file my_file_13.csv (CSV, C-alpha atoms)
chain,number,residue,atom,x,y,z
Y,1,MET,CA,137.5,129.8,133.4
Y,2,ARG,CA,137.2,128.2,136.8
Y,3,LYS,CA,138.9,131.3,138.4
Y,4,THR,CA,136.4,133.6,136.7
Y,5,THR,CA,133.5,131.4,138.0
Y,6,LEU,CA,134.8,131.6,141.5
Y,7,THR,CA,135.3,135.3,141.3
Y,8,LEU,CA,131.7,135.8,140.1
Y,9,THR,CA,130.4,133.5,142.7
Y,10,SER,CA,132.3,135.4,145.4
Y,11,ALA,CA,131.0,138.7,144.1
Y,12,LEU,CA,127.5,137.5,144.1
Y,13,ALA,CA,127.8,136.2,147.7
Y,14,LEU,CA,129.2,139.6,148.8
Y,15,SER,CA,126.4,141.3,147.0
Y,16,LEU,CA,123.8,139.2,148.7
Y,17,LEU,CA,125.4,139.7,152.1
Y,18,ALA,CA,125.5,143.5,151.5
Y,19,GLY,CA,121.8,143.4,150.5
Y,20,THR,CA,120.9,141.4,153.6
Y,21,ALA,CA,122.8,143.9,155.8
Y,22,PHE,CA,121.0,146.8,154.3
Y,23,ALA,CA,117.7,145.0,154.8
Y,24,ALA,CA,118.5,144.3,158.4
Y,25,GLU,CA,119.4,148.0,158.9
Y,26,CYS,CA,116.1,149.0,157.4
Y,27,ASP,CA,114.1,146.8,159.8
Y,28,THR,CA,114.4,149.4,162.5
Y,29,VAL,CA,113.9,153.1,161.9
Y,30,ILE,CA,115.6,155.5,164.3
Y,31,PHE,CA,114.0,158.9,164.8
Y,32,SER,CA,115.0,162.0,166.8
Y,33,ASP,CA,112.3,163.8,168.8
Y,34,VAL,CA,113.5,167.1,170.1
Y,35,GLY,CA,110.8,167.3,172.8
Y,36,TRP,CA,108.5,169.8,171.0
Y,37,THR,CA,104.9,168.6,171.2
Y,38,ASP,CA,104.4,169.1,167.4
Y,39,ILE,CA,107.4,166.9,166.6
Y,40,THR,CA,106.4,164.3,169.2
Y,41,THR,CA,103.0,164.3,167.5
Y,42,THR,CA,104.2,163.8,164.0
Y,43,THR,CA,106.9,161.3,165.0
Y,44,SER,CA,104.3,159.2,166.9
Y,45,ALA,CA,101.9,159.2,164.0
Y,46,THR,CA,104.6,158.0,161.7
Y,47,LYS,CA,105.7,155.4,164.2
Y,48,HIS,CA,102.2,153.9,164.3
Y,49,VAL,CA,102.2,153.6,160.5
Y,50,LEU,CA,105.6,152.0,160.3
Y,51,GLU,CA,104.8,149.5,163.1
Y,52,ALA,CA,101.6,148.6,161.1
Y,53,LEU,CA,103.9,147.9,158.2
Y,54,GLY,CA,106.1,145.5,160.3
Y,55,TYR,CA,109.0,147.9,161.2
Y,56,GLU,CA,110.6,148.5,164.6
Y,57,VAL,CA,110.8,152.1,165.6
Y,58,ASP,CA,113.3,153.6,168.0
Y,59,VAL,CA,112.6,157.2,169.1
Y,60,LYS,CA,115.5,159.1,170.7
Y,61,VAL,CA,114.9,162.4,172.6
Y,62,LEU,CA,117.7,164.7,171.6
Y,63,SER,CA,118.4,168.4,171.4
Y,64,VAL,CA,118.3,170.1,168.0
Y,65,PRO,CA,122.2,170.4,167.7
Y,66,VAL,CA,122.6,166.8,168.8
Y,67,THR,CA,120.0,165.7,166.4
Y,68,TYR,CA,121.8,167.1,163.4
Y,69,ALA,CA,125.2,165.8,164.7
Y,70,SER,CA,123.6,162.3,165.1
Y,71,LEU,CA,122.2,162.4,161.6
Y,72,GLU,CA,125.7,163.3,160.4
Y,73,SER,CA,127.2,160.4,162.3
Y,74,ASP,CA,124.5,158.0,161.1
Y,75,ASP,CA,123.3,157.4,164.7
Y,76,VAL,CA,119.8,158.7,163.7
Y,77,ASP,CA,117.9,158.0,160.5
Y,78,VAL,CA,115.1,160.5,160.4
Y,79,PHE,CA,114.1,163.9,161.8
Y,80,LEU,CA,110.6,165.3,161.0
Y,81,GLY,CA,111.1,168.7,162.7
Y,82,THR,CA,113.4,171.0,160.6
Y,83,TRP,CA,111.5,174.3,161.0
Y,84,LEU,CA,112.5,176.8,158.3
Y,85,PRO,CA,113.5,179.5,158.2
Y,86,ALA,CA,114.1,179.4,162.0
Y,87,GLN,CA,116.6,176.5,161.8
Y,88,GLN,CA,118.4,177.5,158.6
Y,89,GLY,CA,121.5,178.6,160.5
Y,90,VAL,CA,121.8,175.2,162.2
Y,91,ILE,CA,120.8,172.9,159.3
Y,92,GLY,CA,122.5,174.8,156.5
Y,93,PRO,CA,126.0,173.5,157.0
Y,94,TYR,CA,124.8,169.9,157.2
Y,95,LEU,CA,122.7,170.2,154.0
Y,96,ASP,CA,125.6,172.0,152.2
Y,97,SER,CA,128.0,169.2,153.1
Y,98,GLY,CA,125.5,166.5,152.0
Y,99,GLU,CA,125.7,164.7,155.3
Y,100,VAL,CA,122.0,165.4,155.9
Y,101,GLU,CA,119.4,165.2,153.1
Y,102,LYS,CA,116.0,166.8,152.8
Y,103,VAL,CA,113.4,164.2,151.8
Y,104,ALA,CA,110.2,166.3,151.7
Y,105,THR,CA,108.3,169.2,153.3
Y,106,ASN,CA,105.8,167.7,155.7
Y,107,LEU,CA,104.0,170.9,156.9
Y,108,THR,CA,103.4,174.3,155.4
Y,109,GLY,CA,102.0,177.6,156.8
Y,110,THR,CA,103.9,177.5,160.1
Y,111,LYS,CA,104.1,180.8,162.1
Y,112,TYR,CA,106.6,182.0,164.7
Y,113,THR,CA,106.6,185.6,165.8
Y,114,LEU,CA,105.0,188.1,168.2
Y,115,ALA,CA,101.2,187.7,168.5
Y,116,VAL,CA,98.4,189.7,170.2
Y,117,PRO,CA,94.7,188.9,171.0
Y,118,THR,CA,92.4,189.8,168.1
Y,119,TYR,CA,90.8,192.5,170.1
Y,120,THR,CA,94.2,194.2,170.6
Y,121,PHE,CA,94.9,193.9,166.9
Y,122,ASP,CA,91.6,195.5,166.2
Y,123,LYS,CA,92.5,198.5,168.4
Y,124,GLY,CA,95.4,199.2,166.1
Y,125,LEU,CA,98.3,197.1,167.4
Y,126,THR,CA,98.9,195.6,163.9
Y,127,ASP,CA,102.7,195.6,163.5
Y,128,TYR,CA,105.9,195.6,165.5
Y,129,SER,CA,106.1,199.3,164.9
Y,130,LYS,CA,102.8,199.9,166.8
Y,131,ILE,CA,103.8,198.1,170.0
Y,132,ALA,CA,105.3,201.2,171.6
Y,133,GLU,CA,102.0,203.1,171.1
Y,134,PHE,CA,100.4,200.6,173.5
Y,135,ALA,CA,103.2,200.8,176.1
Y,136,GLU,CA,100.8,201.7,179.0
Y,137,SER,CA,98.2,199.0,178.4
Y,138,LEU,CA,100.9,196.4,177.8
Y,139,ASP,CA,102.7,197.5,181.0
Y,140,ASN,CA,105.9,197.9,178.8
Y,141,THR,CA,106.1,194.1,178.8
Y,142,ILE,CA,106.6,191.5,176.0
Y,143,TYR,CA,106.2,187.8,177.1
Y,144,GLY,CA,108.7,185.4,175.7
Y,145,ILE,CA,109.4,181.7,176.4
Y,146,GLU,CA,112.2,179.8,178.1
Y,147,PRO,CA,115.5,181.7,179.0
Y,148,GLY,CA,118.1,181.3,176.3
Y,149,ASN,CA,115.6,180.9,173.5
Y,150,GLU,CA,116.8,182.5,170.3
Y,151,GLY,CA,113.4,184.2,169.7
Y,152,ASN,CA,113.8,185.9,173.1
Y,153,GLY,CA,117.3,186.9,172.2
Y,154,TYR,CA,116.0,188.7,169.1
Y,155,LEU,CA,113.3,190.5,171.1
Y,156,ILE,CA,115.8,191.6,173.7
Y,157,SER,CA,118.0,192.9,170.9
Y,158,LEU,CA,115.1,195.1,169.7
Y,159,VAL,CA,114.7,196.5,173.3
Y,160,ASP,CA,118.5,197.1,173.7
Y,161,ALA,CA,118.6,198.9,170.4
Y,162,ASN,CA,115.4,200.8,171.0
Y,163,THR,CA,114.1,199.5,167.7
Y,164,HIS,CA,110.5,200.5,167.1
Y,165,GLY,CA,110.8,202.6,170.2
Y,166,LEU,CA,110.9,199.5,172.5
Y,167,GLY,CA,113.7,200.8,174.7
Y,168,GLU,CA,111.5,201.1,177.8
Y,169,PHE,CA,110.0,197.5,177.4
Y,170,LYS,CA,111.2,194.4,179.2
Y,171,VAL,CA,111.1,190.9,177.8
Y,172,VAL,CA,109.8,188.4,180.4
Y,173,GLU,CA,111.5,185.0,179.9
Y,174,SER,CA,109.5,182.2,181.3
Y,175,SER,CA,108.4,178.7,180.4
Y,176,GLU,CA,105.9,178.1,177.6
Y,177,GLN,CA,103.2,177.3,180.2
Y,178,GLY,CA,104.1,180.3,182.3
Y,179,MET,CA,103.8,182.6,179.2
Y,180,LEU,CA,100.5,181.0,178.2
Y,181,ALA,CA,99.2,181.5,181.8
Y,182,GLU,CA,99.9,185.2,181.5
Y,183,VAL,CA,98.1,185.3,178.1
Y,184,ASP,CA,95.1,183.4,179.5
Y,185,ARG,CA,94.7,185.8,182.4
Y,186,ALA,CA,94.9,188.8,180.0
Y,187,VAL,CA,92.4,187.3,177.6
Y,188,LYS,CA,89.9,186.5,180.4
Y,189,ASP,CA,90.2,190.1,181.6
Y,190,ASN,CA,90.1,191.5,178.0
Y,191,LYS,CA,93.5,193.2,178.6
Y,192,ASP,CA,96.1,193.9,176.0
Y,193,VAL,CA,99.1,191.5,175.9
Y,194,VAL,CA,101.9,190.8,173.3
Y,195,PHE,CA,103.7,187.5,173.4
Y,196,LEU,CA,105.8,185.1,171.4
Y,197,GLY,CA,103.4,182.8,169.5
Y,198,TRP,CA,103.7,180.0,167.0
Y,199,GLU,CA,101.6,177.6,165.0
Y,200,PRO,CA,101.0,174.6,165.1
Y,201,HIS,CA,100.1,174.9,168.8
Y,202,PRO,CA,96.8,174.7,170.8
Y,203,MET,CA,97.1,178.4,171.6
Y,204,ASN,CA,95.7,179.0,168.2
Y,205,ALA,CA,92.5,177.3,169.1
Y,206,ALA,CA,92.5,178.5,172.8
Y,207,PHE,CA,92.8,182.2,172.1
Y,208,PRO,CA,91.6,184.6,169.4
Y,209,LEU,CA,94.9,185.8,168.2
Y,210,LYS,CA,96.7,187.6,165.4
Y,211,TYR,CA,100.4,187.4,164.4
Y,212,LEU,CA,102.2,190.7,163.9
Y,213,PRO,CA,104.3,191.5,160.8
Y,214,GLY,CA,107.5,193.3,161.3
Y,215,GLY,CA,109.9,190.6,162.6
Y,216,GLU,CA,110.5,189.0,159.3
Y,217,ASP,CA,114.3,189.8,159.4
Y,218,PHE,CA,114.6,187.2,162.1
Y,219,PHE,CA,111.4,185.0,162.1
Y,220,GLY,CA,110.7,185.1,158.4
Y,221,GLY,CA,107.2,184.9,157.1
Y,222,GLU,CA,105.1,181.8,157.0
Y,223,GLY,CA,107.4,178.8,157.2
Y,224,VAL,CA,107.6,175.1,156.6
Y,225,VAL,CA,108.7,172.0,158.4
Y,226,ASP,CA,111.0,169.6,156.5
Y,227,THR,CA,111.7,165.9,156.8
Y,228,VAL,CA,115.4,165.2,156.8
Y,229,THR,CA,117.5,162.0,156.9
Y,230,ARG,CA,121.0,160.9,157.3
Y,231,LYS,CA,123.0,160.7,154.0
Y,232,GLY,CA,121.8,158.0,151.7
Y,233,TYR,CA,119.1,156.7,153.9
Y,234,ALA,CA,116.2,156.9,151.4
Y,235,ALA,CA,118.3,155.1,148.8
Y,236,GLU,CA,119.3,152.3,151.3
Y,237,CYS,CA,115.8,151.9,152.6
Y,238,PRO,CA,113.6,153.0,149.6
Y,239,ASN,CA,110.3,151.7,151.0
Y,240,VAL,CA,110.7,153.8,154.2
Y,241,GLY,CA,112.0,156.6,152.0
Y,242,LYS,CA,108.8,156.5,149.9
Y,243,LEU,CA,106.7,156.7,153.1
Y,244,LEU,CA,108.7,159.7,154.3
Y,245,ALA,CA,108.3,161.4,150.9
Y,246,ASN,CA,104.6,160.9,151.2
Y,247,LEU,CA,104.2,162.3,154.7
Y,248,GLU,CA,102.1,165.5,154.8
Y,249,PHE,CA,100.7,166.9,158.0
Y,250,SER,CA,98.3,169.8,158.6
Y,251,LEU,CA,97.9,172.6,161.1
Y,252,PRO,CA,94.4,171.5,162.2
Y,253,MET,CA,95.7,167.9,162.7
Y,254,GLU,CA,98.6,169.0,164.9
Y,255,ASN,CA,96.7,171.7,166.8
Y,256,GLN,CA,94.0,169.1,167.7
Y,257,ILE,CA,96.4,166.4,168.8
Y,258,MET,CA,98.6,168.8,170.6
Y,259,GLY,CA,95.6,170.2,172.5
Y,260,GLN,CA,94.7,166.8,173.7
Y,261,ILE,CA,98.3,166.2,174.9
Y,262,LEU,CA,98.9,169.6,176.5
Y,263,ASN,CA,95.5,170.6,177.7
Y,264,ASP,CA,93.9,167.2,178.4
Y,265,GLY,CA,96.9,165.3,179.5
Y,266,ALA,CA,96.5,162.6,176.9
Y,267,ASP,CA,99.4,160.2,176.1
Y,268,PRO,CA,101.0,161.2,172.8
Y,269,ASP,CA,100.9,157.7,171.3
Y,270,GLU,CA,97.3,157.2,172.3
Y,271,ALA,CA,96.2,160.7,171.0
Y,272,THR,CA,97.9,160.2,167.6
Y,273,LEU,CA,96.5,156.7,167.3
Y,274,ALA,CA,93.0,157.9,168.0
Y,275,TRP,CA,93.4,160.6,165.4
Y,276,LEU,CA,94.7,158.2,162.8
Y,277,LYS,CA,91.8,155.8,163.4
Y,278,ALA,CA,89.4,158.7,162.8
Y,279,ASN,CA,91.3,159.9,159.7
Y,280,LEU,CA,92.2,156.6,158.0
Y,281,ASP,CA,92.2,158.3,154.6
Y,282,VAL,CA,95.2,160.4,155.6
Y,283,ALA,CA,97.2,157.4,156.8
Y,284,LEU,CA,96.4,155.6,153.6
Y,285,SER,CA,97.7,158.6,151.5
Y,286,TRP,CA,101.0,158.2,153.3
Y,287,VAL,CA,101.4,154.6,152.3
Y,288,ASP,CA,100.5,155.1,148.6
Y,289,GLY,CA,103.2,153.0,146.8
Y,290,VAL,CA,104.5,151.6,150.1
Y,291,THR,CA,104.6,147.9,151.0
Y,292,THR,CA,105.0,146.2,154.3
Y,293,LEU,CA,108.5,145.2,155.5
Y,294,ASP,CA,108.1,141.8,153.8
Y,295,GLY,CA,106.7,143.2,150.6
Y,296,GLY,CA,103.0,142.8,151.4
Y,297,ASP,CA,100.1,145.2,150.8
Y,298,GLY,CA,100.9,148.3,152.8
Y,299,ALA,CA,97.4,149.8,152.6
Y,300,ALA,CA,95.8,146.6,153.8
Y,301,ALA,CA,98.2,146.3,156.7
Y,302,VAL,CA,97.6,149.9,157.9
Y,303,THR,CA,93.8,149.5,157.5
Y,304,ALA,CA,93.9,146.3,159.6
Y,305,ALA,CA,96.0,147.9,162.3
Y,306,LEU,CA,93.9,151.1,162.6
Y,307,ALA,CA,90.6,149.3,162.4
Y,308,ASN,CA,91.3,147.5,165.7

call {"tool": "encode", "arguments": {"input": "my_file_13.csv", "output": "C-alpha cells"}}
result
Amino acid sequence: MRKTTLTLTSALALSLLAGTAFAAECDTVIFSDVGWTDITTTTSATKHVLEALGYEVDVKVLSVPVTYASLESDDVDVFLGTWLPAQQGVIGPYLDSGEVEKVATNLTGTKYTLAVPTYTFDKGLTDYSKIAEFAESLDNTIYGIEPGNEGNGYLISLVDANTHGLGEFKVVESSEQGMLAEVDRAVKDNKDVVFLGWEPHPMNAAFPLKYLPGGEDFFGGEGVVDTVTRKGYAAECPNVGKLLANLEFSLPMENQIMGQILNDGADPDEATLAWLKANLDVALSWVDGVTTLDGGDGAAAVTAALAN
C-alpha cells in the first residue's frame, strides 16, 4: 500500500512538472516572418495582442524553406504566411507528414498573377491569350519581380515555349520597387504595361488595375493564406491556439497598413498598433474565448492595452 502511494505521488509530481514545463514553453510564442510586408503586418498585429495578454513574442526573420524546416524541428511555433496554392509544393510534404499543422485560414481572396491597368484591360487585353496582340504598345515586355522568383520562372517558360504567342517577349526581372516604378511611369503616361501583381499590396490602391485570367495552371485562381504551427502546438498551448484559430485578416486592412509601411515609411509595429487602436472590434473578435496568460479577462486586457 505504501509502495502504491509513493508511485502515485511520484506520478503526480511528474505530471505537475510536465504541466509547468508546457506552461513555461507557452509563455513565449516564436513566429517566423519571411520578410514579406503582408506577413510582417499580420505578425506584428498578432504580437501586439499577445503582448497585451501577457505573452512574450519572439519574431525570427527566415526564408520560406527555413521557416517550414524550423517548424518541423520545433524551433518556430507559428507562421501566418502560408500562401496557397502558390506554396502548396513547399508546404505539402510537411502537412502530409504531420510535422506542420494547419490551424486556420486567416485571409481569403488573395491574388497573384499578371495584371494590367484598367484602361489597358478595357482596350481588350483581358486574358493571357491577348497579350501578344498588344506586343507593340507593350514593347514586347512583361515586368516581373526579383530574379529567381518562381512566378518569373513560369512567365519565362511561357516565352521560351511561345505559349500564347509570347515568343518575342522578354521578362524583365527586377526588384518589387523597380517593377512598381515602371508601372507608375506607364500609368502616369497612360501607356500599356503588363506586370506581375498580387493582393494584398498597396499597388491595388495606388493603381487602377485588373488581374488577367489564363495563368491558373501555375498561379491558381483566388487564393488563401493559412496559419500553420509546429506539430502539437495548439494542444500544448490551447489559449494561444484559440487566438490563432480566431485570427481573420482582410484585404483592406493589409492594403492600408502595407501602404503606410511601404509608401509612407511607417514602422510596421507602429502602423499595426495604430490600426488596431482604430479597429478595436477586430482585435476583440480575435480574443473571443481567449484569456490572459495568467487566466484573466482577455478582452479587458486587450481593451486596456489598445486604449492607451

call {"tool": "closest_residue", "arguments": {"input": "my_file_13.csv", "among": "Y:Ala304, Y:Ala278, Y:Met203, Y:Ala45", "to": "Y:Asn255", "atoms": "all atoms listed in the file"}}
result
Y:Met203

call {"tool": "residues_near_point", "arguments": {"input": "my_file_13.csv", "point": "(110.8, 201.9, 176.6)", "cutoff": "12 Å", "atoms": "all atoms listed in the file", "output": "list in words"}}
result
Ile131, Ala132, Glu133, Phe134, Ala135, Glu136, Leu138, Asp139, Asn140, Thr141, Ile142, Ile156, Leu158, Val159, Asp160, Ala161, Asn162, Thr163, His164, Gly165, Leu166, Gly167, Glu168, Phe169, Lys170 and Val171 of chain Y

call {"tool": "residues_around", "arguments": {"input": "my_file_13.csv", "residues": "Y:Gly98", "least_positions_apart": "5", "cutoff": "10 Å", "atoms": "only C-alpha atoms", "output": "list in words"}}
result
Glu72, Gly92, Pro93, Arg230, Lys231 and Gly232 of chain Y

call {"tool": "closest_residue", "arguments": {"input": "my_file_13.csv", "among": "Y:Ser32, Y:Glu182, Y:Thr40, Y:Asn279", "to": "Y:Asp77", "atoms": "all atoms listed in the file"}}
result
Y:Ser32

call {"tool": "residues_around", "arguments": {"input": "my_file_13.csv", "residues": "Y:Val90", "least_positions_apart": "3", "cutoff": "9 Å", "atoms": "all atoms listed in the file", "output": "VMD selection string"}}
result
chain Y and resid 64 to 65 68 86 to 87 93 to 94

call {"tool": "residues_near_point", "arguments": {"input": "my_file_13.csv", "point": "(106.7, 179.8, 178.8)", "cutoff": "10 Å", "atoms": "all atoms listed in the file", "output": "PyMOL selection string"}}
result
chain Y and resi 143-147+172-182+195-196

call {"tool": "atom_distance", "arguments": {"input": "my_file_13.csv", "atom1": "atom CA of Y:Leu251", "atom2": "atom CA of Y:Asn263"}}
result
16.9 Å

call {"tool": "closest_residue", "arguments": {"input": "my_file_13.csv", "among": "Y:Phe31, Y:Phe207, Y:Phe79, Y:Phe218", "to": "Y:Glu56", "atoms": "all atoms listed in the file"}}
result
Y:Phe31

call {"tool": "closest_residue", "arguments": {"input": "my_file_13.csv", "among": "Y:Asp264, Y:Asp288, Y:Glu222, Y:Asp217", "to": "Y:Leu244", "atoms": "only C-alpha atoms"}}
result
Y:Asp288

call {"tool": "closest_residue", "arguments": {"input": "my_file_13.csv", "among": "Y:Val34, Y:Leu80, Y:Ala283, Y:Val49", "to": "Y:Val61", "atoms": "all atoms listed in the file"}}
result
Y:Val34

call {"tool": "atom_distance", "arguments": {"input": "my_file_13.csv", "atom1": "atom CA of Y:Pro200", "atom2": "atom CA of Y:Gly214"}}
result
20.2 Å

call {"tool": "decode", "arguments": {"input": "my_file_13.csv", "residues": "stretch 99-112 of chain Y", "atoms": "N, CA, C and O atoms", "output": "PDB file, in the first residue's frame"}}
result
ATOM      1  N   GLU Y  99       4.190  16.981 -39.479  1.00  0.00           N
ATOM      2  CA  GLU Y  99       5.141  17.775 -38.701  1.00  0.00           C
ATOM      3  C   GLU Y  99       4.761  19.250 -38.656  1.00  0.00           C
ATOM      4  O   GLU Y  99       5.239  19.986 -37.799  1.00  0.00           O
ATOM      5  N   VAL Y 100       3.931  19.686 -39.583  1.00  0.00           N
ATOM      6  CA  VAL Y 100       3.374  21.038 -39.571  1.00  0.00           C
ATOM      7  C   VAL Y 100       1.860  20.908 -39.638  1.00  0.00           C
ATOM      8  O   VAL Y 100       1.338  20.088 -40.391  1.00  0.00           O
ATOM      9  N   GLU Y 101       1.167  21.688 -38.830  1.00  0.00           N
ATOM     10  CA  GLU Y 101      -0.290  21.575 -38.745  1.00  0.00           C
ATOM     11  C   GLU Y 101      -0.972  22.885 -39.127  1.00  0.00           C
ATOM     12  O   GLU Y 101      -0.553  23.961 -38.687  1.00  0.00           O
ATOM     13  N   LYS Y 102      -2.012  22.792 -39.941  1.00  0.00           N
ATOM     14  CA  LYS Y 102      -2.824  23.957 -40.253  1.00  0.00           C
ATOM     15  C   LYS Y 102      -3.778  24.217 -39.098  1.00  0.00           C
ATOM     16  O   LYS Y 102      -4.452  23.307 -38.613  1.00  0.00           O
ATOM     17  N   VAL Y 103      -3.833  25.475 -38.654  1.00  0.00           N
ATOM     18  CA  VAL Y 103      -4.740  25.871 -37.582  1.00  0.00           C
ATOM     19  C   VAL Y 103      -5.985  26.525 -38.155  1.00  0.00           C
ATOM     20  O   VAL Y 103      -7.105  26.257 -37.705  1.00  0.00           O
ATOM     21  N   ALA Y 104      -5.802  27.413 -39.139  1.00  0.00           N
ATOM     22  CA  ALA Y 104      -6.937  28.153 -39.690  1.00  0.00           C
ATOM     23  C   ALA Y 104      -6.514  28.850 -40.967  1.00  0.00           C
ATOM     24  O   ALA Y 104      -5.312  28.969 -41.270  1.00  0.00           O
ATOM     25  N   THR Y 105      -7.488  29.310 -41.720  1.00  0.00           N
ATOM     26  CA  THR Y 105      -7.248  30.219 -42.843  1.00  0.00           C
ATOM     27  C   THR Y 105      -7.454  31.633 -42.325  1.00  0.00           C
ATOM     28  O   THR Y 105      -8.510  31.943 -41.770  1.00  0.00           O
ATOM     29  N   ASN Y 106      -6.428  32.481 -42.443  1.00  0.00           N
ATOM     30  CA  ASN Y 106      -6.527  33.821 -41.871  1.00  0.00           C
ATOM     31  C   ASN Y 106      -6.851  34.906 -42.893  1.00  0.00           C
ATOM     32  O   ASN Y 106      -7.121  36.051 -42.515  1.00  0.00           O
ATOM     33  N   LEU Y 107      -6.799  34.561 -44.192  1.00  0.00           N
ATOM     34  CA  LEU Y 107      -7.100  35.555 -45.229  1.00  0.00           C
ATOM     35  C   LEU Y 107      -7.621  34.832 -46.462  1.00  0.00           C
ATOM     36  O   LEU Y 107      -7.080  33.797 -46.855  1.00  0.00           O
ATOM     37  N   THR Y 108      -8.657  35.387 -47.070  1.00  0.00           N
ATOM     38  CA  THR Y 108      -9.198  34.819 -48.300  1.00  0.00           C
ATOM     39  C   THR Y 108      -9.201  35.886 -49.394  1.00  0.00           C
ATOM     40  O   THR Y 108      -9.139  37.080 -49.119  1.00  0.00           O
ATOM     41  N   GLY Y 109      -9.278  35.417 -50.637  1.00  0.00           N
ATOM     42  CA  GLY Y 109      -9.377  36.345 -51.764  1.00  0.00           C
ATOM     43  C   GLY Y 109      -8.059  36.889 -52.257  1.00  0.00           C
ATOM     44  O   GLY Y 109      -8.034  37.894 -52.977  1.00  0.00           O
ATOM     45  N   THR Y 110      -6.950  36.247 -51.914  1.00  0.00           N
ATOM     46  CA  THR Y 110      -5.643  36.716 -52.388  1.00  0.00           C
ATOM     47  C   THR Y 110      -5.524  36.495 -53.895  1.00  0.00           C
ATOM     48  O   THR Y 110      -6.163  35.613 -54.466  1.00  0.00           O
ATOM     49  N   LYS Y 111      -4.685  37.307 -54.504  1.00  0.00           N
ATOM     50  CA  LYS Y 111      -4.445  37.195 -55.942  1.00  0.00           C
ATOM     51  C   LYS Y 111      -2.940  37.248 -56.200  1.00  0.00           C
ATOM     52  O   LYS Y 111      -2.208  37.945 -55.498  1.00  0.00           O
ATOM     53  N   TYR Y 112      -2.506  36.518 -57.242  1.00  0.00           N
ATOM     54  CA  TYR Y 112      -1.096  36.530 -57.631  1.00  0.00           C
ATOM     55  C   TYR Y 112      -1.016  36.050 -59.069  1.00  0.00           C
ATOM     56  O   TYR Y 112      -1.142  34.860 -59.359  1.00  0.00           O
TER      57      TYR Y 112
END
